[in-house]
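Dropping final_3.csv in here (CSV, C-alpha atoms and all ligand atoms):
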chain,number,residue,atom,x,y,z
A,1,MET,CA,-5.2,10.3,-3.0
A,2,SER,CA,-3.7,7.2,-1.6
A,3,ARG,CA,-0.5,5.8,-3.0
A,4,LEU,CA,0.4,2.6,-4.8
A,5,VAL,CA,3.5,0.6,-4.1
A,6,ILE,CA,5.3,-0.8,-7.1
A,7,ALA,CA,7.9,-3.5,-6.3
A,8,ILE,CA,10.3,-4.7,-9.0
A,9,THR,CA,12.3,-7.9,-8.4
A,10,GLY,CA,15.0,-9.8,-10.2
A,11,ALA,CA,12.9,-11.7,-12.6
A,12,SER,CA,12.9,-11.4,-16.4
A,13,ALA,CA,10.7,-8.7,-18.1
A,14,GLN,CA,11.7,-5.5,-16.4
A,15,ILE,CA,9.9,-3.8,-19.3
A,16,LEU,CA,6.6,-4.6,-17.6
A,17,ALA,CA,7.7,-2.7,-14.5
A,18,GLU,CA,8.9,0.2,-16.6
A,19,ARG,CA,5.6,0.4,-18.5
A,20,SER,CA,3.6,0.2,-15.2
A,21,ILE,CA,5.5,3.2,-13.8
A,22,ASP,CA,5.0,5.1,-17.0
A,23,LEU,CA,1.2,4.5,-17.3
A,24,LEU,CA,0.7,5.2,-13.6
A,25,LEU,CA,2.5,8.5,-13.7
A,26,GLN,CA,0.7,9.4,-16.9
A,27,ALA,CA,-2.5,8.8,-15.0
A,28,ASN,CA,-1.3,11.2,-12.3
A,29,GLN,CA,-1.0,8.5,-9.7
A,30,LYS,CA,1.3,8.7,-6.7
A,31,ILE,CA,3.6,5.8,-6.5
A,32,ASP,CA,6.3,4.4,-4.2
A,33,VAL,CA,8.8,2.3,-6.1
A,34,ILE,CA,11.3,-0.3,-4.8
A,35,LEU,CA,13.7,-2.4,-6.8
A,36,SER,CA,15.1,-5.5,-5.2
A,37,LYS,CA,18.9,-5.9,-5.2
A,38,GLY,CA,18.5,-8.6,-7.9
A,39,SER,CA,16.5,-6.3,-10.1
A,40,TYR,CA,19.4,-4.0,-10.7
A,41,GLN,CA,21.3,-6.9,-12.2
A,42,VAL,CA,18.5,-7.9,-14.5
A,43,TRP,CA,18.1,-4.3,-15.6
A,44,GLN,CA,21.8,-4.4,-16.6
A,45,SER,CA,21.3,-7.8,-18.4
A,46,GLU,CA,18.1,-7.1,-20.2
A,47,ASN,CA,18.5,-3.4,-21.0
A,48,GLY,CA,22.2,-2.6,-20.6
A,49,VAL,CA,21.1,0.1,-18.2
A,50,THR,CA,22.5,0.9,-14.7
A,51,VAL,CA,19.6,2.1,-12.5
A,52,PRO,CA,20.8,4.4,-9.8
A,53,VAL,CA,20.5,3.0,-6.3
A,54,ASP,CA,20.3,6.4,-4.6
A,55,GLU,CA,16.6,7.2,-4.1
A,56,LYS,CA,16.7,10.8,-5.3
A,57,LYS,CA,18.9,10.0,-8.3
A,58,GLN,CA,16.5,7.1,-9.2
A,59,GLU,CA,13.5,9.4,-9.1
A,60,ILE,CA,15.3,11.7,-11.6
A,61,PHE,CA,16.3,8.6,-13.7
A,62,TRP,CA,12.7,7.5,-14.1
A,63,ARG,CA,11.5,11.0,-14.9
A,64,GLU,CA,14.2,11.4,-17.6
A,65,ARG,CA,14.0,7.8,-19.0
A,66,LEU,CA,10.2,8.0,-19.3
A,67,ASN,CA,10.1,11.7,-20.3
A,68,ASN,CA,7.2,11.9,-17.9
A,69,ASN,CA,6.6,14.6,-15.3
A,70,ASN,CA,3.1,13.7,-14.2
A,71,GLY,CA,2.1,12.1,-10.9
A,72,GLU,CA,4.4,11.6,-8.0
A,73,ILE,CA,7.2,9.1,-7.6
A,74,ARG,CA,9.2,8.2,-4.5
A,75,CYS,CA,11.9,5.5,-4.7
A,76,HIS,CA,13.1,3.4,-1.8
A,77,LYS,CA,16.2,1.3,-1.3
A,78,TRP,CA,15.7,-2.5,-1.0
A,79,ASN,CA,17.0,-2.7,2.5
A,80,ASN,CA,15.5,0.4,4.0
A,81,ASN,CA,13.1,-1.2,6.5
A,82,ALA,CA,12.5,2.2,8.1
A,83,ALA,CA,10.8,3.4,4.9
A,84,SER,CA,7.2,4.7,5.0
A,85,ILE,CA,5.9,1.7,3.1
A,86,ALA,CA,7.3,-0.7,5.8
A,87,SER,CA,4.5,0.4,8.1
A,88,GLY,CA,0.8,-0.4,8.1
A,89,SER,CA,0.1,3.1,9.3
A,90,TYR,CA,1.3,4.5,5.9
A,91,ASP,CA,-1.9,4.8,3.8
A,92,THR,CA,-1.7,2.9,0.5
A,93,LEU,CA,-4.2,1.7,-2.1
A,94,GLY,CA,-2.3,-1.5,-2.5
A,95,MET,CA,0.9,-3.1,-3.8
A,96,VAL,CA,1.9,-4.7,-7.1
A,97,ILE,CA,5.0,-6.8,-7.5
A,98,VAL,CA,6.0,-6.9,-11.2
A,99,PRO,CA,7.8,-9.0,-12.3
A,100,CYS,CA,8.0,-11.2,-9.2
A,101,SER,CA,10.8,-13.7,-8.8
A,102,MET,CA,10.4,-17.1,-7.2
A,103,GLY,CA,12.9,-15.9,-4.6
A,104,THR,CA,10.6,-13.0,-3.5
A,105,ILE,CA,7.5,-15.2,-3.6
A,106,GLY,CA,9.3,-17.7,-1.3
A,107,LYS,CA,10.3,-15.0,1.1
A,108,ILE,CA,6.8,-13.5,1.3
A,109,ALA,CA,5.1,-17.0,1.5
A,110,SER,CA,7.3,-17.9,4.5
A,111,GLY,CA,6.7,-14.6,6.3
A,112,CYS,CA,10.4,-14.0,6.1
A,113,SER,CA,10.5,-10.1,5.9
A,114,ILE,CA,14.2,-9.5,5.5
A,115,ASP,CA,14.1,-6.6,2.9
A,116,LEU,CA,11.6,-3.9,2.2
A,117,ILE,CA,9.7,-5.6,-0.6
A,118,GLU,CA,8.9,-8.6,1.6
A,119,ARG,CA,8.1,-6.4,4.6
A,120,SER,CA,5.8,-4.1,2.6
A,121,ALA,CA,4.0,-7.2,1.0
A,122,ASP,CA,3.6,-8.6,4.5
A,123,VAL,CA,2.1,-5.3,5.7
A,124,HIS,CA,-0.4,-5.3,2.8
A,125,LEU,CA,-1.5,-8.8,3.7
A,126,LYS,CA,-1.8,-8.1,7.4
A,127,GLU,CA,-3.8,-4.9,6.7
A,128,GLY,CA,-6.0,-6.7,4.2
A,129,ARG,CA,-5.1,-4.4,1.4
A,130,PRO,CA,-4.7,-5.6,-2.2
A,131,LEU,CA,-1.4,-7.3,-3.0
A,132,ILE,CA,-1.0,-8.2,-6.7
A,133,ILE,CA,1.8,-10.6,-7.6
A,134,SER,CA,2.9,-11.1,-11.1
A,135,PRO,CA,5.1,-14.2,-11.0
A,136,ARG,CA,7.7,-14.9,-13.8
A,137,GLU,CA,9.3,-18.3,-14.1
A,138,SER,CA,9.0,-21.2,-16.4
A,139,PRO,CA,8.5,-24.0,-15.7
A,140,PHE,CA,7.2,-23.7,-12.1
A,141,ASN,CA,8.4,-26.4,-9.7
A,142,LEU,CA,6.3,-27.7,-6.8
A,143,ILE,CA,7.9,-25.3,-4.4
A,144,HIS,CA,6.9,-22.3,-6.6
A,145,LEU,CA,3.4,-23.6,-7.0
A,146,ASN,CA,3.0,-24.3,-3.2
A,147,ASN,CA,4.3,-20.8,-2.4
A,148,MET,CA,1.8,-19.2,-4.8
A,149,THR,CA,-1.0,-21.2,-3.3
A,150,THR,CA,0.0,-20.1,0.2
A,151,LEU,CA,0.0,-16.4,-1.0
A,152,CYS,CA,-3.4,-16.8,-2.8
A,153,LYS,CA,-4.9,-18.3,0.4
A,154,ALA,CA,-3.4,-15.4,2.4
A,155,GLY,CA,-5.3,-12.9,0.2
A,156,ALA,CA,-2.8,-12.0,-2.6
A,157,LYS,CA,-3.9,-12.0,-6.2
A,158,ILE,CA,-1.6,-14.0,-8.5
A,159,ILE,CA,-1.6,-12.4,-12.0
A,160,PRO,CA,1.0,-13.8,-14.4
A,161,CYS,CA,1.6,-11.6,-17.4
A,162,ILE,CA,0.3,-13.9,-20.1
A,163,PRO,CA,-0.6,-12.4,-23.5
A,164,SER,CA,-4.3,-12.3,-24.5
A,165,TRP,CA,-4.4,-13.4,-28.1
A,166,TYR,CA,-8.1,-12.6,-28.4
A,167,ALA,CA,-7.2,-8.9,-28.1
A,168,LYS,CA,-5.4,-9.3,-31.4
A,169,PRO,CA,-2.2,-7.4,-30.5
A,170,GLN,CA,-0.4,-6.1,-33.6
A,171,THR,CA,2.8,-5.1,-31.8
A,172,LEU,CA,4.8,-6.1,-28.8
A,173,ASP,CA,4.0,-2.7,-27.2
A,174,GLU,CA,0.3,-3.5,-27.5
A,175,MET,CA,0.8,-6.9,-25.9
A,176,ILE,CA,2.7,-5.4,-23.0
A,177,ASP,CA,0.1,-2.6,-22.5
A,178,PHE,CA,-2.7,-5.2,-22.4
A,179,MET,CA,-0.9,-7.2,-19.7
A,180,VAL,CA,0.1,-4.1,-17.6
A,181,VAL,CA,-3.4,-2.6,-17.7
A,182,ARG,CA,-5.0,-5.9,-16.6
A,183,LEU,CA,-2.5,-6.0,-13.7
A,184,PHE,CA,-4.0,-2.8,-12.3
A,185,ASP,CA,-7.7,-3.6,-12.9
A,186,THR,CA,-8.2,-4.1,-9.2
A,187,PHE,CA,-7.6,-0.4,-8.6
A,188,ASP,CA,-10.1,0.8,-11.3
A,189,LEU,CA,-7.6,3.4,-12.6
A,190,ASN,CA,-8.5,3.3,-16.3
A,191,LEU,CA,-4.8,3.4,-17.2
A,192,LYS,CA,-5.4,3.0,-21.0
A,193,GLU,CA,-8.0,1.8,-23.4
A,194,ILE,CA,-7.4,-1.9,-24.3
A,195,ASN,CA,-9.2,-4.4,-26.5
A,196,ARG,CA,-11.2,-6.1,-23.8
A,197,TRP,CA,-13.3,-9.1,-24.6
A,198,THR,CA,-16.9,-8.0,-25.3
A,199,GLY,CA,-18.3,-11.2,-26.5
A,200,GLN,CA,-18.0,-13.2,-29.8
A,201,LYS,CA,-18.8,-11.1,-32.8
B,301,LIG,C1,19.0,-12.0,-16.4
B,301,LIG,C2,18.3,-12.7,-15.2
B,301,LIG,C3,17.0,-13.1,-15.3
B,301,LIG,C4,16.4,-13.8,-14.3
B,301,LIG,N1,15.1,-14.2,-14.5
B,301,LIG,C5,14.4,-14.8,-13.4
B,301,LIG,C6,13.1,-15.1,-13.6
B,301,LIG,O1,12.4,-14.9,-14.6
B,301,LIG,N2,12.4,-15.6,-12.5
B,301,LIG,C7,13.0,-15.8,-11.3
B,301,LIG,O2,12.4,-16.3,-10.4
B,301,LIG,N3,14.4,-15.5,-11.1
B,301,LIG,C8,15.1,-15.0,-12.2
B,301,LIG,N4,16.4,-14.7,-12.0
B,301,LIG,C9,17.1,-15.0,-10.7
B,301,LIG,C10,16.8,-13.9,-9.6
B,301,LIG,O3,17.3,-12.7,-10.0
B,301,LIG,C11,17.5,-14.4,-8.3
B,301,LIG,O4,17.0,-15.6,-7.8
B,301,LIG,C12,17.5,-13.3,-7.3
B,301,LIG,O5,18.2,-13.7,-6.1
B,301,LIG,C13,16.1,-12.9,-6.9
B,301,LIG,O6,16.1,-12.0,-5.8
B,301,LIG,P1,15.0,-10.9,-5.6
B,301,LIG,O7,13.7,-11.7,-5.6
B,301,LIG,O8,15.3,-10.3,-4.3
B,301,LIG,O9,15.0,-10.0,-6.8
B,301,LIG,C14,17.1,-14.0,-13.1
B,301,LIG,C15,18.4,-13.5,-12.9
B,301,LIG,C16,19.0,-12.9,-14.0
B,301,LIG,C17,20.4,-12.4,-13.8
File written out as structure tokens:
Amino acid sequence: MSRLVIAITGASAQILAERSIDLLLQANQKIDVILSKGSYQVWQSENGVTVPVDEKKQEIFWRERLNNNNGEIRCHKWNNNAASIASGSYDTLGMVIVPCSMGTIGKIASGCSIDLIERSADVHLKEGRPLIISPRESPFNLIHLNNMTTLCKAGAKIIPCIPSWYAKPQTLDEMIDFMVVRLFDTFDLNLKEINRWTGQK
């Protein structure tokens, strides 16, 4: 089974990344995870949690935090451009960046692959594999919008996490799960049953 790359950048809503990892592992998927340098800071600000930078320690961190021993998880350091996922010869199903900061969007759109997330995104585009980007900023300025247009034209799918009120979520968890499951629809993984629109009743 091919692997999915999950990249987490320093934008708000780290919970979306955490839930993505949890649902993918529950579905017995194999995942490669990278946090940008900025993401560690947002984890601290939003959750008061220090995520370990060391790859092996981080794998244990996710297992324990999510209480989830299914699937397979490999963590990578943000600046390890010799990692497997930096090469097109490493077989992946695709890559999802959630949440995606405007900084990372700018770097990918300009082809400026300094760190592993941009490099891996660049690889997915050049190999013609799915690249899903979930941007998080408000309001967007013209630079953000132009960069997202560039990425869309280059083959990326831009999927902002926007609640679906028609699904009638009763809790924040339900709202989060709807957005996360929709993010992965491209891969047909059936991560969880959600209230999809089936027509006006
Ligand atoms: C608590 C916190 C929340 C942030 N939220 C956002 C955000 O929603 N969107 C965004 O583009 N940047 C946000 N930033 C700024 C980015 O973290 C910053 O631009 C960083 O350099 C992005 O680098 P990265 O893309 O490599 O993670 C936030 C920063 C902090 C500390």
- Item | Residue nearest Asn141 of chain A among A:Lys77, A:Met102, A:Asn47, A:Phe61 (counting only C-alpha atoms) | A:Met102
- Check which residues fall inside 8 Å of ligand LIG 301 (chain B) when counting all atoms listed in the file, and print them as a list in words.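 These are the residues that qualify: Ile8, Thr9, Gly10, Ala11, Ser12, Ala13, Leu35, Ser36, Lys37, Gly38, Ser39, Gln41, Val42, Trp43, Ser45, Glu46, Pro99, Cys100, Ser101, Met102, Gly103, Thr104, Ile105, Pro135, Arg136, Glu137 and Ser138 of chain A.
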- Item | Computed interatomic separation between atom CA of Ile15 of chain A and atom CA of Thr50 of chain A (Å) |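 So the answer is 14.2 Å.
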- Note on the structure: From the list A:Val123, A:Ile132, A:Met95, A:Ile114, the nearest residue to Ser2 of chain A using only C-alpha atoms is A:Met95
- Task: Name the closest residue to Thr186 of chain A among the candidates A:Arg129, A:Lys56, A:Lys201, A:His144; distances are taken between atoms, counting all atoms listed in the file.
- Result: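 So, comparing all the options, the nearest one is A:Arg129.
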- Task: Would you mind telling me which residue in A:Ala83, A:Ile133, A:Ala167, A:Val53 lies nearest to Cys152 of chain A when using all atoms listed in the file?
- Result: A:Ile133
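Proximity of A:Ala27, A:Arg74, A:Glu59, A:Leu16 to Arg182 of chain A, computed with only C-alpha atoms, is greatest for A:Leu16.
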- Item | atom CA of Gln29 of chain A to atom CA of Asp115 of chain A, straight-line distance in Å |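 So the two atoms, atom CA of Asp115 of chain A and atom CA of Gln29 of chain A, lie 24.8 Å apart.
Taking atom CA of Arg65 of chain A as the reference point, atom CA of Ala82 of chain A is found at 27.7 Å.
Residue nearest Leu125 of chain A within the list A:Ala154, A:Ile176, A:Leu145, A:Val98: A:Ala154 [criterion: smallest interatomic distance, all atoms listed in the file].
Within 9 Å of Pro130 of chain A, once all atoms listed in the file are used and residues closer than 4 positions along the same chain are dropped, the contacting residues are A:Leu93, A:Gly94, A:Met95, A:Val96, A:His124, A:Leu125, A:Gly155, A:Ala156, A:Lys157, A:Thr186, A:Phe187.
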- Query: Could you name the residues that touch Ser113 of chain A at 12 Å or less, counting all atoms listed in the file, but leaving out those on the same chain fewer than 3 positions away, as a PyMOL selection string?
  - Reply: chain A and resi 78-81+86+104-110+116-123
Using all atoms listed in the file, collect all residues at a distance of at most 7 Å from (11.6, 4.3, -4.6) as written in the file, then present them as a PDB file with C-alpha atoms, in the frame of the given file.
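Generated file (selection-v7.pdb):
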ATOM      1  CA  ASP A  32       6.300   4.400  -4.200  1.00  0.00           C
ATOM      2  CA  VAL A  33       8.800   2.300  -6.100  1.00  0.00           C
ATOM      3  CA  ILE A  34      11.300  -0.300  -4.800  1.00  0.00           C
ATOM      4  CA  GLU A  55      16.600   7.200  -4.100  1.00  0.00           C
ATOM      5  CA  ARG A  74       9.200   8.200  -4.500  1.00  0.00           C
ATOM      6  CA  CYS A  75      11.900   5.500  -4.700  1.00  0.00           C
ATOM      7  CA  HIS A  76      13.100   3.400  -1.800  1.00  0.00           C
ATOM      8  CA  LYS A  77      16.200   1.300  -1.300  1.00  0.00           C
TER       9      LYS A  77
END
